[in-house]
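Content type compact mmCIF, N, CA and C atoms, from the file upload_26.txt:
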# COMPACT_ATOMS: atom_id res chain seq x y z
N MET A 6 -14.42 -2.77 -13.22
CA MET A 6 -14.61 -2.43 -11.82
C MET A 6 -16.04 -2.69 -11.39
N TYR A 7 -16.99 -2.20 -12.15
CA TYR A 7 -18.38 -2.36 -11.74
C TYR A 7 -18.80 -3.82 -11.75
N GLY A 8 -18.33 -4.58 -12.73
CA GLY A 8 -18.68 -6.00 -12.81
C GLY A 8 -18.21 -6.76 -11.59
N GLY A 9 -16.98 -6.48 -11.15
CA GLY A 9 -16.45 -7.13 -9.95
C GLY A 9 -17.23 -6.75 -8.70
N THR A 10 -17.63 -5.49 -8.63
CA THR A 10 -18.42 -5.03 -7.48
C THR A 10 -19.79 -5.70 -7.45
N ILE A 11 -20.42 -5.80 -8.60
CA ILE A 11 -21.75 -6.44 -8.69
C ILE A 11 -21.63 -7.91 -8.31
N ALA A 12 -20.61 -8.60 -8.83
CA ALA A 12 -20.41 -10.01 -8.48
C ALA A 12 -20.14 -10.16 -6.98
N GLY A 13 -19.39 -9.22 -6.41
CA GLY A 13 -19.12 -9.25 -4.98
C GLY A 13 -20.38 -9.08 -4.16
N VAL A 14 -21.24 -8.17 -4.57
CA VAL A 14 -22.50 -7.95 -3.85
C VAL A 14 -23.38 -9.19 -3.91
N LEU A 15 -23.46 -9.82 -5.08
CA LEU A 15 -24.24 -11.06 -5.20
C LEU A 15 -23.67 -12.16 -4.31
N THR A 16 -22.36 -12.24 -4.23
CA THR A 16 -21.71 -13.23 -3.36
C THR A 16 -22.03 -12.93 -1.90
N VAL A 17 -22.01 -11.66 -1.52
CA VAL A 17 -22.32 -11.28 -0.14
C VAL A 17 -23.78 -11.62 0.20
N ILE A 18 -24.68 -11.45 -0.75
CA ILE A 18 -26.09 -11.81 -0.51
C ILE A 18 -26.20 -13.29 -0.16
N VAL A 19 -25.59 -14.13 -0.98
CA VAL A 19 -25.65 -15.57 -0.75
C VAL A 19 -24.96 -15.93 0.56
N TRP A 20 -23.76 -15.38 0.81
CA TRP A 20 -23.01 -15.68 2.02
C TRP A 20 -23.76 -15.22 3.26
N SER A 21 -24.32 -14.03 3.22
CA SER A 21 -25.05 -13.49 4.38
C SER A 21 -26.25 -14.36 4.73
N ARG A 22 -26.97 -14.80 3.72
CA ARG A 22 -28.12 -15.68 3.98
C ARG A 22 -27.68 -17.02 4.55
N ALA A 23 -26.60 -17.56 4.00
CA ALA A 23 -26.11 -18.86 4.48
C ALA A 23 -25.63 -18.77 5.93
N LYS A 24 -24.99 -17.67 6.30
CA LYS A 24 -24.46 -17.49 7.65
C LYS A 24 -25.46 -16.81 8.60
N LYS A 25 -26.61 -16.39 8.06
CA LYS A 25 -27.65 -15.70 8.84
C LYS A 25 -27.13 -14.43 9.50
N ILE A 26 -26.37 -13.66 8.71
CA ILE A 26 -25.84 -12.36 9.14
C ILE A 26 -26.56 -11.30 8.30
N PRO A 27 -26.98 -10.19 8.88
CA PRO A 27 -27.67 -9.15 8.09
C PRO A 27 -26.83 -8.70 6.90
N PHE A 28 -27.45 -8.68 5.74
CA PHE A 28 -26.78 -8.31 4.49
C PHE A 28 -26.14 -6.92 4.58
N ALA A 29 -26.89 -5.95 5.09
CA ALA A 29 -26.38 -4.57 5.16
C ALA A 29 -25.19 -4.46 6.11
N ALA A 30 -25.19 -5.22 7.19
CA ALA A 30 -24.06 -5.20 8.12
C ALA A 30 -22.81 -5.77 7.46
N THR A 31 -22.99 -6.80 6.64
CA THR A 31 -21.87 -7.38 5.91
C THR A 31 -21.32 -6.38 4.91
N LEU A 32 -22.20 -5.64 4.24
CA LEU A 32 -21.74 -4.61 3.30
C LEU A 32 -20.97 -3.51 4.02
N ASP A 33 -21.41 -3.16 5.22
CA ASP A 33 -20.67 -2.17 6.01
C ASP A 33 -19.25 -2.65 6.27
N ALA A 34 -19.12 -3.91 6.66
CA ALA A 34 -17.79 -4.46 6.96
C ALA A 34 -16.92 -4.52 5.70
N ALA A 35 -17.52 -4.79 4.56
CA ALA A 35 -16.76 -4.92 3.32
C ALA A 35 -16.39 -3.58 2.69
N SER A 36 -17.11 -2.54 2.99
CA SER A 36 -16.90 -1.24 2.33
C SER A 36 -15.51 -0.68 2.53
N SER A 37 -14.98 -0.80 3.73
CA SER A 37 -13.63 -0.27 3.99
C SER A 37 -12.58 -1.02 3.18
N GLY A 38 -12.72 -2.33 3.11
CA GLY A 38 -11.78 -3.12 2.31
C GLY A 38 -11.90 -2.83 0.83
N LEU A 39 -13.12 -2.63 0.36
CA LEU A 39 -13.33 -2.33 -1.06
C LEU A 39 -12.70 -1.00 -1.45
N ILE A 40 -12.92 0.03 -0.64
CA ILE A 40 -12.37 1.34 -0.99
C ILE A 40 -10.84 1.35 -0.86
N LEU A 41 -10.30 0.59 0.10
CA LEU A 41 -8.85 0.47 0.19
C LEU A 41 -8.29 -0.24 -1.04
N GLY A 42 -8.98 -1.26 -1.50
CA GLY A 42 -8.58 -1.95 -2.72
C GLY A 42 -8.57 -1.02 -3.92
N GLN A 43 -9.51 -0.09 -3.96
CA GLN A 43 -9.55 0.88 -5.06
C GLN A 43 -8.41 1.89 -4.96
N VAL A 44 -8.04 2.26 -3.73
CA VAL A 44 -6.89 3.16 -3.55
C VAL A 44 -5.65 2.52 -4.17
N ILE A 45 -5.42 1.26 -3.88
CA ILE A 45 -4.24 0.55 -4.36
C ILE A 45 -4.39 0.15 -5.83
N GLY A 46 -5.55 -0.35 -6.18
CA GLY A 46 -5.77 -0.89 -7.52
C GLY A 46 -5.67 0.12 -8.65
N ARG A 47 -5.99 1.37 -8.39
CA ARG A 47 -5.92 2.38 -9.44
C ARG A 47 -4.50 2.58 -9.94
N TRP A 48 -3.51 2.22 -9.12
CA TRP A 48 -2.11 2.38 -9.55
C TRP A 48 -1.76 1.42 -10.67
N ALA A 49 -2.54 0.37 -10.85
CA ALA A 49 -2.33 -0.52 -12.00
C ALA A 49 -2.59 0.24 -13.30
N ASN A 50 -3.52 1.21 -13.26
CA ASN A 50 -3.75 2.04 -14.45
C ASN A 50 -2.51 2.84 -14.82
N PHE A 51 -1.76 3.27 -13.82
CA PHE A 51 -0.52 3.99 -14.06
C PHE A 51 0.51 3.06 -14.69
N VAL A 52 0.67 1.89 -14.11
CA VAL A 52 1.63 0.91 -14.62
C VAL A 52 1.29 0.53 -16.06
N ASN A 53 0.01 0.36 -16.34
CA ASN A 53 -0.42 -0.03 -17.69
C ASN A 53 -0.54 1.15 -18.66
N ARG A 54 -0.35 2.37 -18.14
CA ARG A 54 -0.46 3.58 -18.98
C ARG A 54 -1.85 3.66 -19.62
N GLU A 55 -2.88 3.48 -18.81
CA GLU A 55 -4.25 3.51 -19.29
C GLU A 55 -5.12 4.35 -18.38
N ALA A 56 -6.35 4.59 -18.81
CA ALA A 56 -7.34 5.31 -18.01
C ALA A 56 -6.85 6.70 -17.61
N PHE A 57 -6.26 7.40 -18.53
CA PHE A 57 -5.82 8.76 -18.25
C PHE A 57 -6.82 9.74 -18.86
N GLY A 58 -6.65 11.00 -18.54
CA GLY A 58 -7.58 12.02 -19.00
C GLY A 58 -7.08 12.75 -20.23
N ARG A 59 -7.81 13.80 -20.54
CA ARG A 59 -7.46 14.60 -21.72
C ARG A 59 -6.19 15.41 -21.46
N GLU A 60 -5.68 16.01 -22.51
CA GLU A 60 -4.44 16.78 -22.40
C GLU A 60 -4.62 17.98 -21.47
N THR A 61 -3.54 18.31 -20.76
CA THR A 61 -3.59 19.40 -19.78
C THR A 61 -2.17 19.93 -19.54
N ASP A 62 -2.11 21.06 -18.86
CA ASP A 62 -0.80 21.60 -18.47
C ASP A 62 -0.76 21.89 -16.97
N ILE A 63 -1.63 21.24 -16.18
CA ILE A 63 -1.64 21.46 -14.74
C ILE A 63 -0.38 20.88 -14.09
N PHE A 64 -0.13 21.27 -12.85
CA PHE A 64 1.12 20.91 -12.18
C PHE A 64 1.29 19.41 -11.96
N CYS A 65 0.22 18.64 -11.81
CA CYS A 65 0.36 17.22 -11.53
C CYS A 65 0.13 16.35 -12.76
N ARG A 66 0.36 16.90 -13.91
CA ARG A 66 0.13 16.17 -15.16
C ARG A 66 1.05 14.95 -15.28
N MET A 67 0.65 14.04 -16.14
CA MET A 67 1.42 12.84 -16.42
C MET A 67 1.82 12.90 -17.89
N GLU A 68 3.06 12.62 -18.19
CA GLU A 68 3.52 12.68 -19.58
C GLU A 68 3.51 11.29 -20.19
N LEU A 69 2.99 11.23 -21.40
CA LEU A 69 2.95 10.00 -22.18
C LEU A 69 3.74 10.22 -23.47
N THR A 70 4.41 9.17 -23.90
CA THR A 70 5.16 9.25 -25.15
C THR A 70 4.61 8.21 -26.11
N THR A 71 4.30 8.65 -27.32
CA THR A 71 3.78 7.75 -28.35
C THR A 71 4.94 6.98 -28.99
N PRO A 72 4.64 5.91 -29.71
CA PRO A 72 5.72 5.14 -30.35
C PRO A 72 6.59 5.97 -31.30
N ASP A 73 6.03 7.04 -31.86
CA ASP A 73 6.84 7.87 -32.77
C ASP A 73 7.67 8.93 -32.04
N GLY A 74 7.61 8.94 -30.70
CA GLY A 74 8.44 9.85 -29.91
C GLY A 74 7.76 11.14 -29.48
N THR A 75 6.52 11.34 -29.85
CA THR A 75 5.78 12.53 -29.45
C THR A 75 5.38 12.40 -27.97
N THR A 76 5.63 13.45 -27.21
CA THR A 76 5.26 13.47 -25.79
C THR A 76 4.13 14.45 -25.57
N TYR A 77 3.14 14.03 -24.78
CA TYR A 77 2.06 14.94 -24.42
C TYR A 77 1.67 14.70 -22.97
N SER A 78 1.09 15.73 -22.35
CA SER A 78 0.73 15.70 -20.93
C SER A 78 -0.77 15.53 -20.78
N VAL A 79 -1.16 14.66 -19.84
CA VAL A 79 -2.58 14.34 -19.63
C VAL A 79 -2.92 14.39 -18.15
N HIS A 80 -4.22 14.44 -17.86
CA HIS A 80 -4.70 14.34 -16.48
C HIS A 80 -4.44 12.93 -15.97
N PRO A 81 -3.80 12.78 -14.80
CA PRO A 81 -3.58 11.45 -14.23
C PRO A 81 -4.82 11.00 -13.44
N THR A 82 -5.85 10.58 -14.14
CA THR A 82 -7.11 10.27 -13.47
C THR A 82 -6.98 9.13 -12.47
N PHE A 83 -6.01 8.22 -12.70
CA PHE A 83 -5.77 7.16 -11.72
C PHE A 83 -5.38 7.79 -10.37
N LEU A 84 -4.56 8.83 -10.42
CA LEU A 84 -4.11 9.51 -9.20
C LEU A 84 -5.27 10.22 -8.52
N TYR A 85 -6.09 10.90 -9.31
CA TYR A 85 -7.24 11.59 -8.74
C TYR A 85 -8.15 10.60 -8.01
N GLU A 86 -8.42 9.45 -8.66
CA GLU A 86 -9.31 8.48 -8.05
C GLU A 86 -8.68 7.83 -6.83
N SER A 87 -7.39 7.57 -6.88
CA SER A 87 -6.70 6.98 -5.74
C SER A 87 -6.76 7.91 -4.53
N ILE A 88 -6.50 9.19 -4.75
CA ILE A 88 -6.57 10.18 -3.66
C ILE A 88 -8.00 10.32 -3.15
N TRP A 89 -8.96 10.38 -4.09
CA TRP A 89 -10.37 10.50 -3.72
C TRP A 89 -10.79 9.33 -2.83
N CYS A 90 -10.39 8.13 -3.21
CA CYS A 90 -10.75 6.95 -2.43
C CYS A 90 -10.03 6.92 -1.08
N PHE A 91 -8.79 7.39 -1.03
CA PHE A 91 -8.06 7.44 0.24
C PHE A 91 -8.75 8.40 1.22
N VAL A 92 -9.17 9.55 0.72
CA VAL A 92 -9.91 10.49 1.57
C VAL A 92 -11.22 9.85 2.02
N GLY A 93 -11.90 9.16 1.11
CA GLY A 93 -13.13 8.46 1.47
C GLY A 93 -12.90 7.41 2.53
N LEU A 94 -11.79 6.67 2.43
CA LEU A 94 -11.45 5.68 3.45
C LEU A 94 -11.26 6.34 4.80
N ALA A 95 -10.56 7.46 4.83
CA ALA A 95 -10.34 8.18 6.09
C ALA A 95 -11.68 8.66 6.68
N LEU A 96 -12.56 9.16 5.83
CA LEU A 96 -13.87 9.61 6.31
C LEU A 96 -14.71 8.46 6.85
N LEU A 97 -14.69 7.33 6.15
CA LEU A 97 -15.44 6.16 6.62
C LEU A 97 -14.88 5.66 7.95
N ALA A 98 -13.56 5.63 8.06
CA ALA A 98 -12.93 5.19 9.31
C ALA A 98 -13.31 6.10 10.47
N ALA A 99 -13.38 7.40 10.22
CA ALA A 99 -13.74 8.35 11.27
C ALA A 99 -15.20 8.23 11.66
N TYR A 100 -16.04 7.79 10.74
CA TYR A 100 -17.48 7.73 10.97
C TYR A 100 -17.96 6.37 11.49
N ILE A 101 -17.15 5.33 11.36
CA ILE A 101 -17.63 3.97 11.57
C ILE A 101 -18.25 3.74 12.95
N LYS A 102 -17.74 4.36 13.98
CA LYS A 102 -18.31 4.17 15.32
C LYS A 102 -19.60 4.97 15.52
N LYS A 103 -19.89 5.88 14.60
CA LYS A 103 -21.09 6.71 14.71
C LYS A 103 -22.24 6.21 13.83
N ARG A 104 -22.03 5.09 13.15
CA ARG A 104 -23.06 4.62 12.22
C ARG A 104 -24.39 4.42 12.93
N LYS A 105 -25.45 4.72 12.23
CA LYS A 105 -26.77 4.74 12.84
C LYS A 105 -27.58 3.48 12.54
N PHE A 106 -27.26 2.77 11.48
CA PHE A 106 -28.03 1.58 11.10
C PHE A 106 -27.16 0.69 10.21
N ASN A 107 -27.53 -0.56 10.10
CA ASN A 107 -26.83 -1.47 9.20
C ASN A 107 -26.96 -0.96 7.77
N GLY A 108 -25.86 -0.84 7.09
CA GLY A 108 -25.85 -0.33 5.73
C GLY A 108 -25.46 1.13 5.63
N ASP A 109 -25.34 1.80 6.76
CA ASP A 109 -25.00 3.22 6.79
C ASP A 109 -23.63 3.47 6.14
N ILE A 110 -22.62 2.69 6.50
CA ILE A 110 -21.28 2.85 5.95
C ILE A 110 -21.28 2.54 4.45
N ALA A 111 -21.98 1.48 4.08
CA ALA A 111 -22.04 1.09 2.66
C ALA A 111 -22.70 2.17 1.82
N LEU A 112 -23.75 2.78 2.33
CA LEU A 112 -24.41 3.87 1.59
C LEU A 112 -23.49 5.08 1.45
N ARG A 113 -22.79 5.40 2.51
CA ARG A 113 -21.85 6.52 2.44
C ARG A 113 -20.73 6.25 1.45
N TYR A 114 -20.26 5.01 1.44
CA TYR A 114 -19.24 4.61 0.45
C TYR A 114 -19.78 4.80 -0.97
N LEU A 115 -20.98 4.31 -1.22
CA LEU A 115 -21.56 4.40 -2.56
C LEU A 115 -21.72 5.85 -3.01
N VAL A 116 -22.19 6.71 -2.13
CA VAL A 116 -22.35 8.12 -2.48
C VAL A 116 -20.99 8.77 -2.74
N TRP A 117 -20.02 8.52 -1.87
CA TRP A 117 -18.69 9.11 -2.02
C TRP A 117 -18.03 8.64 -3.31
N TYR A 118 -18.00 7.33 -3.50
CA TYR A 118 -17.33 6.78 -4.67
C TYR A 118 -18.04 7.21 -5.95
N GLY A 119 -19.36 7.16 -5.95
CA GLY A 119 -20.13 7.55 -7.14
C GLY A 119 -19.90 9.00 -7.53
N ALA A 120 -19.86 9.89 -6.54
CA ALA A 120 -19.63 11.31 -6.83
C ALA A 120 -18.24 11.52 -7.43
N GLY A 121 -17.25 10.89 -6.84
CA GLY A 121 -15.88 11.04 -7.36
C GLY A 121 -15.74 10.43 -8.74
N ARG A 122 -16.32 9.26 -8.92
CA ARG A 122 -16.20 8.60 -10.21
C ARG A 122 -16.92 9.39 -11.31
N PHE A 123 -18.05 10.00 -10.98
CA PHE A 123 -18.78 10.82 -11.95
C PHE A 123 -17.89 11.97 -12.43
N TRP A 124 -17.23 12.64 -11.51
CA TRP A 124 -16.36 13.77 -11.84
C TRP A 124 -15.13 13.30 -12.63
N ILE A 125 -14.51 12.24 -12.19
CA ILE A 125 -13.27 11.76 -12.82
C ILE A 125 -13.54 11.23 -14.23
N GLU A 126 -14.64 10.55 -14.41
CA GLU A 126 -14.98 10.02 -15.75
C GLU A 126 -15.14 11.14 -16.77
N ALA A 127 -15.55 12.31 -16.33
CA ALA A 127 -15.71 13.45 -17.24
C ALA A 127 -14.37 13.87 -17.83
N LEU A 128 -13.26 13.57 -17.13
CA LEU A 128 -11.92 13.95 -17.60
C LEU A 128 -11.32 12.93 -18.55
N ARG A 129 -11.84 11.72 -18.55
CA ARG A 129 -11.22 10.64 -19.33
C ARG A 129 -11.57 10.74 -20.81
N THR A 130 -10.73 10.14 -21.61
CA THR A 130 -10.92 10.18 -23.06
C THR A 130 -11.30 8.83 -23.65
N ASP A 131 -11.22 7.77 -22.86
CA ASP A 131 -11.44 6.43 -23.39
C ASP A 131 -12.79 5.83 -23.02
N SER A 132 -13.73 6.65 -22.56
CA SER A 132 -15.03 6.16 -22.15
C SER A 132 -16.04 6.28 -23.28
N LEU A 133 -17.04 5.40 -23.26
CA LEU A 133 -18.12 5.42 -24.24
C LEU A 133 -19.03 6.61 -23.99
N LEU A 134 -19.19 7.46 -25.00
CA LEU A 134 -20.07 8.63 -24.88
C LEU A 134 -21.51 8.20 -25.15
N LEU A 135 -22.41 8.47 -24.21
CA LEU A 135 -23.83 8.19 -24.41
C LEU A 135 -24.52 9.36 -25.09
N VAL A 136 -24.24 10.56 -24.61
CA VAL A 136 -24.83 11.79 -25.15
C VAL A 136 -23.69 12.71 -25.53
N PRO A 137 -23.19 12.58 -26.78
CA PRO A 137 -22.02 13.37 -27.18
C PRO A 137 -22.20 14.88 -27.02
N SER A 138 -23.40 15.39 -27.25
CA SER A 138 -23.60 16.83 -27.14
C SER A 138 -23.43 17.33 -25.71
N LEU A 139 -23.68 16.48 -24.73
CA LEU A 139 -23.51 16.84 -23.32
C LEU A 139 -22.18 16.35 -22.74
N GLY A 140 -21.51 15.47 -23.48
CA GLY A 140 -20.27 14.88 -22.96
C GLY A 140 -20.54 13.85 -21.88
N LEU A 141 -21.78 13.31 -21.82
CA LEU A 141 -22.14 12.33 -20.80
C LEU A 141 -21.68 10.94 -21.23
N ARG A 142 -20.93 10.30 -20.35
CA ARG A 142 -20.37 8.98 -20.63
C ARG A 142 -21.15 7.88 -19.93
N ALA A 143 -21.05 6.67 -20.46
CA ALA A 143 -21.74 5.53 -19.87
C ALA A 143 -21.31 5.32 -18.42
N SER A 144 -20.01 5.46 -18.14
CA SER A 144 -19.51 5.26 -16.78
C SER A 144 -20.05 6.34 -15.82
N GLN A 145 -20.30 7.52 -16.33
CA GLN A 145 -20.88 8.56 -15.47
C GLN A 145 -22.30 8.21 -15.09
N LEU A 146 -23.05 7.64 -16.03
CA LEU A 146 -24.42 7.23 -15.74
C LEU A 146 -24.43 6.14 -14.69
N VAL A 147 -23.55 5.17 -14.81
CA VAL A 147 -23.46 4.10 -13.81
C VAL A 147 -23.05 4.67 -12.46
N ALA A 148 -22.09 5.58 -12.45
CA ALA A 148 -21.62 6.18 -11.19
C ALA A 148 -22.74 6.95 -10.50
N ALA A 149 -23.54 7.66 -11.29
CA ALA A 149 -24.64 8.44 -10.72
C ALA A 149 -25.69 7.51 -10.14

This structure in structure tokens:
Amino acid sequence: MYGGTIAGVLTVIVWSRAKKIPFAATLDAASSGLILGQVIGRWANFVNREAFGRETDIFCRMELTTPDGTTYSVHPTFLYESIWCFVGLALLAAYIKKRKFNGDIALRYLVWYGAGRFWIEALRTDSLLLVPSLGLRASQLVAA
């Protein structure tokens, strides 16, 4: 996810300069599409049975079955992130006419997405731990 976003930003830099459009204004226009793509794209994690959280017994848990037939319930982090991004999309849409400067929407997107991703990554079990004693993951550092 982050690699695609970084490549997209670099592409926008080149495109904005070529078209002589302010870079920050282009990022504002792209932010709504990016967050909508994340709302939809996270469902691929469900289809692939990946990017789930640790075991839980909460009401919205997702059940996984191992090849030997053992079933266990986990946090559906794809669902959490999809909902988080949908709410962020609604907030950005409500704010878009009130933006104060070029880049305002893009900054709000980054703060919203980063905060949600930091929280959601803490629930996952497949992330690289940077500081095991604190439970801090590499993806949380990037999100922050």

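We find atom CA of A:Ala56 and atom CA of A:Ile125 to be spaced 10.2 Å apart.
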
- Message: Please list as a ChimeraX atom specification every residue within 8 Å of A:Leu94, counting only C-alpha atoms and excluding residues in the same chain fewer than 2 positions away.
- Response: /A:37,40-41,90-92,96-98

- Query: What is the distance between atom CA of A:Arg113 and atom CA of A:Cys65, in Å to one decimal?
  - Reply: 28.3 Å

Please put the answer as JSON: centre and edge lengths, in Å with one decimal, of a box along x, y and z that encloses all listed atoms of stretch 115-122 of chain A plus 5 Å on each side.
{"center_x": -19.0, "center_y": 7.9, "center_z": -6.3, "size_x": 16.6, "size_y": 17.2, "size_z": 20.1}

- Item | strand (DSSP E) positions in chain A, given as a PyMOL selection string | chain A and resi 67-70+76-79+134-136+141-142

- Expected answer as a VMD selection string: helix (DSSP H, G or I) residues in chain A: chain A and resid 7 to 24 28 to 46 48 to 53 82 to 103 109 to 128 143 to 148

- d(atom C of A:Ser36, atom C of A:Asn50) in Å: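 Interatomic distance, atom C of A:Ser36 to atom C of A:Asn50: 22.0 Å.
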
- Task: Please identify all polymer residues within 9 Å of A:Val79, counting only C-alpha atoms, omitting same-chain residues fewer than 5 positions from it, and present them as a VMD selection string.
- Result: chain A and resid 57 to 63 66 to 69

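The protein and nucleic acid residues lying at most 12 Å from A:Ser21 are A:Gly13, A:Val14, A:Leu15, A:Thr16, A:Val17, A:Lys25, A:Ile26, A:Pro27, A:Phe28, A:Ala29, A:Ala30, A:Thr31, A:Leu32, A:Ala34, A:Ala35, with only C-alpha atoms considered and sequence neighbours fewer than 4 positions away removed.
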
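Nearest-residue note for A:Ala149: choosing from A:Ala120, A:Ala111, A:Leu128, A:Ala23, the minimum distance belongs to A:Ala120, counting only N, CA and C atoms.
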
- In terms of the shortest atom-to-atom distance over only C-alpha atoms, which of A:Glu55, A:Glu86, A:Asp109, A:Asp73 is closest to A:Gly42?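 Of all the options, A:Glu86 lies closest to A:Gly42.
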
- Nearest-residue call for A:Arg129, choices A:Leu146, A:Pro81, A:Ile88, A:Lys24, using only C-alpha atoms: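 Of A:Leu146, A:Pro81, A:Ile88, A:Lys24, the one nearest A:Arg129, counting only C-alpha atoms, is A:Pro81.
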